[in-house]
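Peer 1: Okay, handing you the structure first.
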Amino acid sequence: MAPNGRYAPSPSGPLHLGNLRTALLAWLFARSAGARFLVRVEDLDRGRSRPEHEAGQLADLAAIGLDWDGEVVRQSERSALYDAAIARLDTYPCFCTRAEIREAASAPHGAVGLYPGTCRELTTAQRAQREAEGRRPALRLRAPAGLRAGFVDRVLGPFDGPVDDLVVRRNDGIAAYNLAVVVDDHDQGIGEVVRGADLIDATPGQLHLCDVLGFERPAHAHVPLVLAPDGARLAKRHGAVTLADRAAAGESAAAVRAGLLASVGLPRDLAAACATFDPSALPSESTVLTPEAIR
Ligand code: GLU
C-alpha cells in the first residue's frame, strides 16, 4: 500500500476556502494513489488553539465529503515523542527576541529572515547572565553554515532554499512547529506532505531535520493558495470565506466543494476528480477570490 497522506490543520479558527481546497487536494493525492489519509490537529499553539475550532474544522472536512483513517491525532498529546527527538539533536539555547533577530538580520551582512547566529557561540558565563536577567531560552538546532536543501515539489517543481539554525523548542518549553511536523510525519508514515504553498520556505529546514534524525525524506506537494481580492491572505473580513458563510448565503457544502475542485481545473464531482486525478496538471498560481472564482 502507498505511504500515508495527511491534512494537518491548526485549530485557530474556522477553515476558509483555501484551507478546504488544500484539504481536498491532500485527500485526492492520497486516495487517488490508494493511500491512507490521516488528519492531524496541530494545536501546539495553546494561546490560539480551541477545541471548538477543532470540532468545527473536522465537521467541515466531513461536510465536504472527506473521510480519514484512524483516530485524529493531536500534537498537544505527543510531547514525549518530540522530547525524545530533541534529545537526539545538537542544540544550543537561544535567548534572542524576535525584535533582536529582526534587527541583526537587517544589518548590512544579515540574510533576511534567517537566524543571524547571535547565540551560537555564547560562553557559559554569557548564558548564565542572560538567564539571570530572567530570559528563557528557545533551543536551536546547530546547522552547518551556509547549508541549503533542495527537492522537487510535485506541483511547483525544483525548489532549493537556505537552512538556518531552526528553533526546535520554543522558549515557552513547547516543541516548535518545524520539529513536531517532521517527527509526526515520520511517526505517522507520511510518504507525501501536501500543504499550502505558503509553507514551502519551511521545507528545506524540515528536510535537514529529517536528515539529522535519520528519517527518510517525504515527498512534497505545495498546492496553490486562495487569496483575497486585494492579494492578502484570506480572512474573515473578506466576506464569504467559510462553509458557514456560504451556507448562510444558501450554498451547500457540496456546491462549495464543486467550486473548489473546478477552481483547480478538476471535475466538479469528487469521485470523478479522484478517478482522473493528475497532480502534474494542477495549476501552480494562486486563485484570487473574485465572486466568480469559486462557484
Ligand atoms: N498546521 C499547518 C497549517 O495549518 C500546516 C502544517 C503542514 O501541513 O505541514 O498551516
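Naming scheme: A, B, ... for chains in displayed order of the C-alpha cells; residues 1 onward per chain; ligands 1 onward as shown.
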Determine which residues of stretch 54-258 of chain A receive a DSSP assignment of strand (DSSP E), computed from the backbone, and state them as a PyMOL selection string.
Peer 2: chain A and resi 73-74+91-94+138-141+148-153+157-162+167-169+192-196+219-223+226-227
Peer 1: Next, the residues of the selection above should be written as a tab-separated table (two decimals), in the first residue's frame with C-alpha atoms.
Peer 2:
chain	number	residue	atom	x	y	z
A	73	VAL	CA	-4.04	12.79	16.30
A	74	ARG	CA	-3.39	15.93	18.39
A	91	THR	CA	21.14	22.15	20.02
A	92	TYR	CA	22.04	25.37	21.81
A	93	PRO	CA	19.96	27.80	23.87
A	94	CYS	CA	18.93	30.96	22.07
A	138	ALA	CA	14.48	28.60	23.00
A	139	LEU	CA	16.53	25.67	21.67
A	140	ARG	CA	18.03	25.83	18.21
A	141	LEU	CA	19.46	23.05	16.06
A	148	ARG	CA	20.89	24.63	1.63
A	149	ALA	CA	18.40	21.87	0.96
A	150	GLY	CA	16.56	21.19	-2.25
A	151	PHE	CA	13.82	18.94	-3.51
A	152	VAL	CA	11.46	18.55	-6.44
A	153	ASP	CA	7.97	19.64	-5.47
A	157	GLY	CA	8.89	21.77	-9.43
A	158	PRO	CA	12.52	22.13	-8.28
A	159	PHE	CA	12.93	24.20	-5.12
A	160	ASP	CA	16.02	24.99	-3.13
A	161	GLY	CA	16.42	27.15	-0.06
A	162	PRO	CA	18.68	28.06	2.85
A	167	VAL	CA	14.12	26.54	16.63
A	168	VAL	CA	13.17	23.06	17.82
A	169	ARG	CA	11.83	24.07	21.23
A	192	GLU	CA	3.87	12.74	0.81
A	193	VAL	CA	3.30	16.08	2.50
A	194	VAL	CA	0.55	18.06	0.76
A	195	ARG	CA	0.06	21.57	2.10
A	196	GLY	CA	-0.34	25.21	1.10
A	219	ALA	CA	7.82	13.80	-0.96
A	220	HIS	CA	6.21	17.25	-1.08
A	221	ALA	CA	3.39	18.90	-2.98
A	222	HIS	CA	2.76	22.55	-2.19
A	223	VAL	CA	-0.63	23.47	-3.58
A	226	VAL	CA	-6.70	31.10	-2.41
A	227	LEU	CA	-6.01	34.80	-1.94
Peer 1: Could you pull the residues within 8 Å of A:Cys274, counting only C-alpha atoms, minus those fewer than 5 positions along the same chain, as a PyMOL selection string?
Peer 2: chain A and resi 28+31-32
Peer 1: Considering only C-alpha atoms, can you say which of A:Val256, A:Val212, A:Ala176, A:Ala145 comes closest to A:Leu20?
Peer 2: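 Result for the nearest residue to A:Leu20: A:Val256.
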Peer 1: Could you pull out the helix (DSSP H, G or I) residues of stretch 35-126 of chain A, going by DSSP on the backbone, and write them as an NGL selection string?
Peer 2: :A and (51-63 or 75-77 or 79-87 or 98-105 or 124-126)
Peer 1: Would you output that residue set with N, CA, C and O atoms, as a compact mmCIF listing (two decimals), in the first residue's frame?
Peer 2:
# COMPACT_ATOMS: atom_id res chain seq x y z
N PRO A 51 -10.66 23.92 21.30
CA PRO A 51 -11.38 22.66 20.98
C PRO A 51 -12.56 22.92 20.05
O PRO A 51 -12.86 22.10 19.18
N GLU A 52 -13.23 24.06 20.22
CA GLU A 52 -14.40 24.30 19.36
C GLU A 52 -13.99 24.52 17.90
O GLU A 52 -14.71 24.17 16.98
N HIS A 53 -12.80 25.09 17.71
CA HIS A 53 -12.33 25.23 16.32
C HIS A 53 -11.98 23.86 15.74
O HIS A 53 -12.25 23.58 14.58
N GLU A 54 -11.35 23.01 16.57
CA GLU A 54 -11.04 21.65 16.10
C GLU A 54 -12.33 20.96 15.68
O GLU A 54 -12.41 20.38 14.58
N ALA A 55 -13.33 21.00 16.53
CA ALA A 55 -14.60 20.32 16.23
C ALA A 55 -15.21 20.90 14.95
O ALA A 55 -15.69 20.15 14.09
N GLY A 56 -15.17 22.22 14.81
CA GLY A 56 -15.74 22.86 13.63
C GLY A 56 -14.98 22.47 12.37
O GLY A 56 -15.57 22.21 11.32
N GLN A 57 -13.66 22.42 12.48
CA GLN A 57 -12.85 22.06 11.31
C GLN A 57 -13.13 20.63 10.87
O GLN A 57 -13.28 20.35 9.67
N LEU A 58 -13.20 19.70 11.84
CA LEU A 58 -13.46 18.30 11.48
C LEU A 58 -14.85 18.16 10.86
O LEU A 58 -15.04 17.42 9.89
N ALA A 59 -15.80 18.90 11.40
CA ALA A 59 -17.17 18.85 10.85
C ALA A 59 -17.16 19.39 9.42
O ALA A 59 -17.84 18.83 8.54
N ASP A 60 -16.39 20.44 9.17
CA ASP A 60 -16.34 21.00 7.81
C ASP A 60 -15.66 20.03 6.84
O ASP A 60 -16.08 19.91 5.68
N LEU A 61 -14.61 19.35 7.29
CA LEU A 61 -13.96 18.37 6.41
C LEU A 61 -14.95 17.27 6.03
O LEU A 61 -15.04 16.86 4.87
N ALA A 62 -15.70 16.81 7.04
CA ALA A 62 -16.70 15.76 6.77
C ALA A 62 -17.79 16.30 5.83
O ALA A 62 -18.25 15.60 4.93
N ALA A 63 -18.16 17.57 6.05
CA ALA A 63 -19.25 18.15 5.25
C ALA A 63 -18.89 18.23 3.76
O ALA A 63 -19.76 18.14 2.91
N GLN A 75 -1.31 17.16 18.32
CA GLN A 75 0.08 17.40 18.70
C GLN A 75 0.24 17.70 20.19
O GLN A 75 1.24 17.36 20.79
N SER A 76 -0.76 18.30 20.80
CA SER A 76 -0.65 18.63 22.22
C SER A 76 -0.52 17.38 23.09
O SER A 76 -0.14 17.47 24.25
N GLU A 77 -0.83 16.20 22.52
CA GLU A 77 -0.76 14.96 23.30
C GLU A 77 0.49 14.15 22.98
O GLU A 77 0.62 13.00 23.37
N SER A 79 3.93 15.25 23.32
CA SER A 79 5.18 15.92 23.68
C SER A 79 6.33 14.94 23.98
O SER A 79 7.49 15.26 23.75
N ALA A 80 6.00 13.73 24.46
CA ALA A 80 7.08 12.76 24.77
C ALA A 80 7.86 12.41 23.50
O ALA A 80 9.09 12.27 23.53
N LEU A 81 7.12 12.29 22.42
CA LEU A 81 7.75 11.95 21.13
C LEU A 81 8.69 13.09 20.69
O LEU A 81 9.80 12.86 20.21
N TYR A 82 8.23 14.33 20.87
CA TYR A 82 9.03 15.49 20.47
C TYR A 82 10.26 15.61 21.38
O TYR A 82 11.36 15.88 20.91
N ASP A 83 10.06 15.39 22.68
CA ASP A 83 11.19 15.49 23.62
C ASP A 83 12.27 14.48 23.25
O ASP A 83 13.47 14.78 23.29
N ALA A 84 11.86 13.27 22.91
CA ALA A 84 12.83 12.22 22.57
C ALA A 84 13.62 12.62 21.33
O ALA A 84 14.84 12.38 21.25
N ALA A 85 12.97 13.24 20.37
CA ALA A 85 13.68 13.66 19.15
C ALA A 85 14.64 14.81 19.48
O ALA A 85 15.81 14.81 19.04
N ILE A 86 14.19 15.77 20.26
CA ILE A 86 15.04 16.93 20.59
C ILE A 86 16.29 16.46 21.33
O ILE A 86 17.39 16.98 21.11
N ALA A 87 16.13 15.44 22.18
CA ALA A 87 17.27 14.94 22.96
C ALA A 87 18.35 14.37 22.05
O ALA A 87 19.52 14.26 22.45
N ARG A 98 12.28 38.19 19.05
CA ARG A 98 12.02 38.39 17.62
C ARG A 98 12.60 39.71 17.13
O ARG A 98 13.16 39.80 16.04
N ALA A 99 12.42 40.74 17.96
CA ALA A 99 12.89 42.08 17.55
C ALA A 99 14.41 42.07 17.39
O ALA A 99 14.95 42.64 16.42
N GLU A 100 15.11 41.39 18.28
CA GLU A 100 16.58 41.33 18.18
C GLU A 100 17.00 40.60 16.91
O GLU A 100 17.96 40.98 16.24
N ILE A 101 16.28 39.54 16.58
CA ILE A 101 16.63 38.78 15.36
C ILE A 101 16.39 39.65 14.12
O ILE A 101 17.22 39.72 13.22
N ARG A 102 15.26 40.36 14.13
CA ARG A 102 14.96 41.25 13.00
C ARG A 102 16.06 42.29 12.83
O ARG A 102 16.54 42.53 11.73
N GLU A 103 16.46 42.88 13.96
CA GLU A 103 17.48 43.93 13.91
C GLU A 103 18.81 43.38 13.37
O GLU A 103 19.40 43.96 12.47
N ALA A 104 19.23 42.24 13.92
CA ALA A 104 20.52 41.68 13.50
C ALA A 104 20.46 41.26 12.04
O ALA A 104 21.43 41.41 11.29
N ALA A 105 19.30 40.75 11.62
CA ALA A 105 19.19 40.26 10.25
C ALA A 105 19.10 41.41 9.25
O ALA A 105 19.35 41.22 8.07
N THR A 124 29.57 30.03 28.64
CA THR A 124 28.74 29.63 29.78
C THR A 124 28.37 30.86 30.61
O THR A 124 27.23 30.99 31.06
N ALA A 125 29.33 31.76 30.77
CA ALA A 125 29.06 32.97 31.57
C ALA A 125 28.00 33.84 30.89
O ALA A 125 27.11 34.38 31.56
N GLN A 126 28.10 33.98 29.59
CA GLN A 126 27.10 34.80 28.87
C GLN A 126 25.70 34.17 28.96
O GLN A 126 24.71 34.88 29.11
Peer 1: Residues of chain A within 6 Å of ligand 1: nearest atom pair and distance (Å, one decimal) for each, counting only C-alpha atoms and all ligand atoms, sorted by chain and number, as JSON lines?
Peer 2:
{"residue": "A:Ala8", "atom": "CA", "partner": "ligand 1", "partner_atom_place_in_ligand_line": "8 (O)", "distance": 4.9}
{"residue": "A:Pro9", "atom": "CA", "partner": "ligand 1", "partner_atom_place_in_ligand_line": "4 (O)", "distance": 3.9}
{"residue": "A:Ser10", "atom": "CA", "partner": "ligand 1", "partner_atom_place_in_ligand_line": "4 (O)", "distance": 4.3}
{"residue": "A:Glu42", "atom": "CA", "partner": "ligand 1", "partner_atom_place_in_ligand_line": "1 (N)", "distance": 5.1}
{"residue": "A:Val181", "atom": "CA", "partner": "ligand 1", "partner_atom_place_in_ligand_line": "9 (O)", "distance": 5.9}
{"residue": "A:Arg195", "atom": "CA", "partner": "ligand 1", "partner_atom_place_in_ligand_line": "8 (O)", "distance": 4.7}
Peer 1: Could those selected residues go to a file with all heavy atoms, as a compact mmCIF listing (two decimals), in the first residue's frame?
Peer 2:
# COMPACT_ATOMS: atom_id res chain seq x y z
N ALA A 8 -3.20 18.59 7.97
CA ALA A 8 -2.77 18.95 9.34
C ALA A 8 -3.16 20.38 9.69
O ALA A 8 -2.33 21.27 9.73
CB ALA A 8 -1.25 18.76 9.44
N PRO A 9 -4.44 20.60 9.96
CA PRO A 9 -4.88 21.98 10.24
C PRO A 9 -4.51 22.45 11.64
O PRO A 9 -4.37 21.64 12.56
CB PRO A 9 -6.41 21.88 10.11
CG PRO A 9 -6.73 20.47 10.48
CD PRO A 9 -5.57 19.64 10.00
N SER A 10 -4.37 23.75 11.79
CA SER A 10 -4.17 24.37 13.10
C SER A 10 -5.54 24.89 13.56
O SER A 10 -6.17 25.68 12.84
CB SER A 10 -3.20 25.54 13.00
OG SER A 10 -1.97 25.09 12.47
N GLU A 42 -2.93 20.34 14.63
CA GLU A 42 -1.68 20.97 15.05
C GLU A 42 -1.98 22.08 16.06
O GLU A 42 -2.07 23.26 15.73
CB GLU A 42 -0.91 21.47 13.82
CG GLU A 42 -0.62 20.29 12.88
CD GLU A 42 0.61 20.42 12.03
OE1 GLU A 42 0.87 21.53 11.53
OE2 GLU A 42 1.32 19.41 11.87
N VAL A 181 6.25 18.76 13.16
CA VAL A 181 5.81 18.30 11.84
C VAL A 181 6.70 17.16 11.34
O VAL A 181 6.21 16.14 10.85
CB VAL A 181 5.83 19.48 10.84
CG1 VAL A 181 5.78 18.99 9.41
CG2 VAL A 181 4.66 20.40 11.10
N ARG A 195 0.45 20.42 1.28
CA ARG A 195 0.06 21.57 2.10
C ARG A 195 0.13 22.83 1.25
O ARG A 195 0.55 22.80 0.09
CB ARG A 195 0.98 21.68 3.32
CG ARG A 195 2.44 21.84 2.97
CD ARG A 195 3.30 21.77 4.22
NE ARG A 195 4.71 21.82 3.90
CZ ARG A 195 5.68 21.54 4.75
NH1 ARG A 195 5.39 21.17 5.98
NH2 ARG A 195 6.93 21.63 4.39
Peer 1: Any idea what's packed within 9 Å of A:Phe215, counting only C-alpha atoms, ignoring anything in its chain fewer than 3 positions away? Could you give it as a PyMOL selection string?
Peer 2: chain A and resi 182-183+186+209-212+218
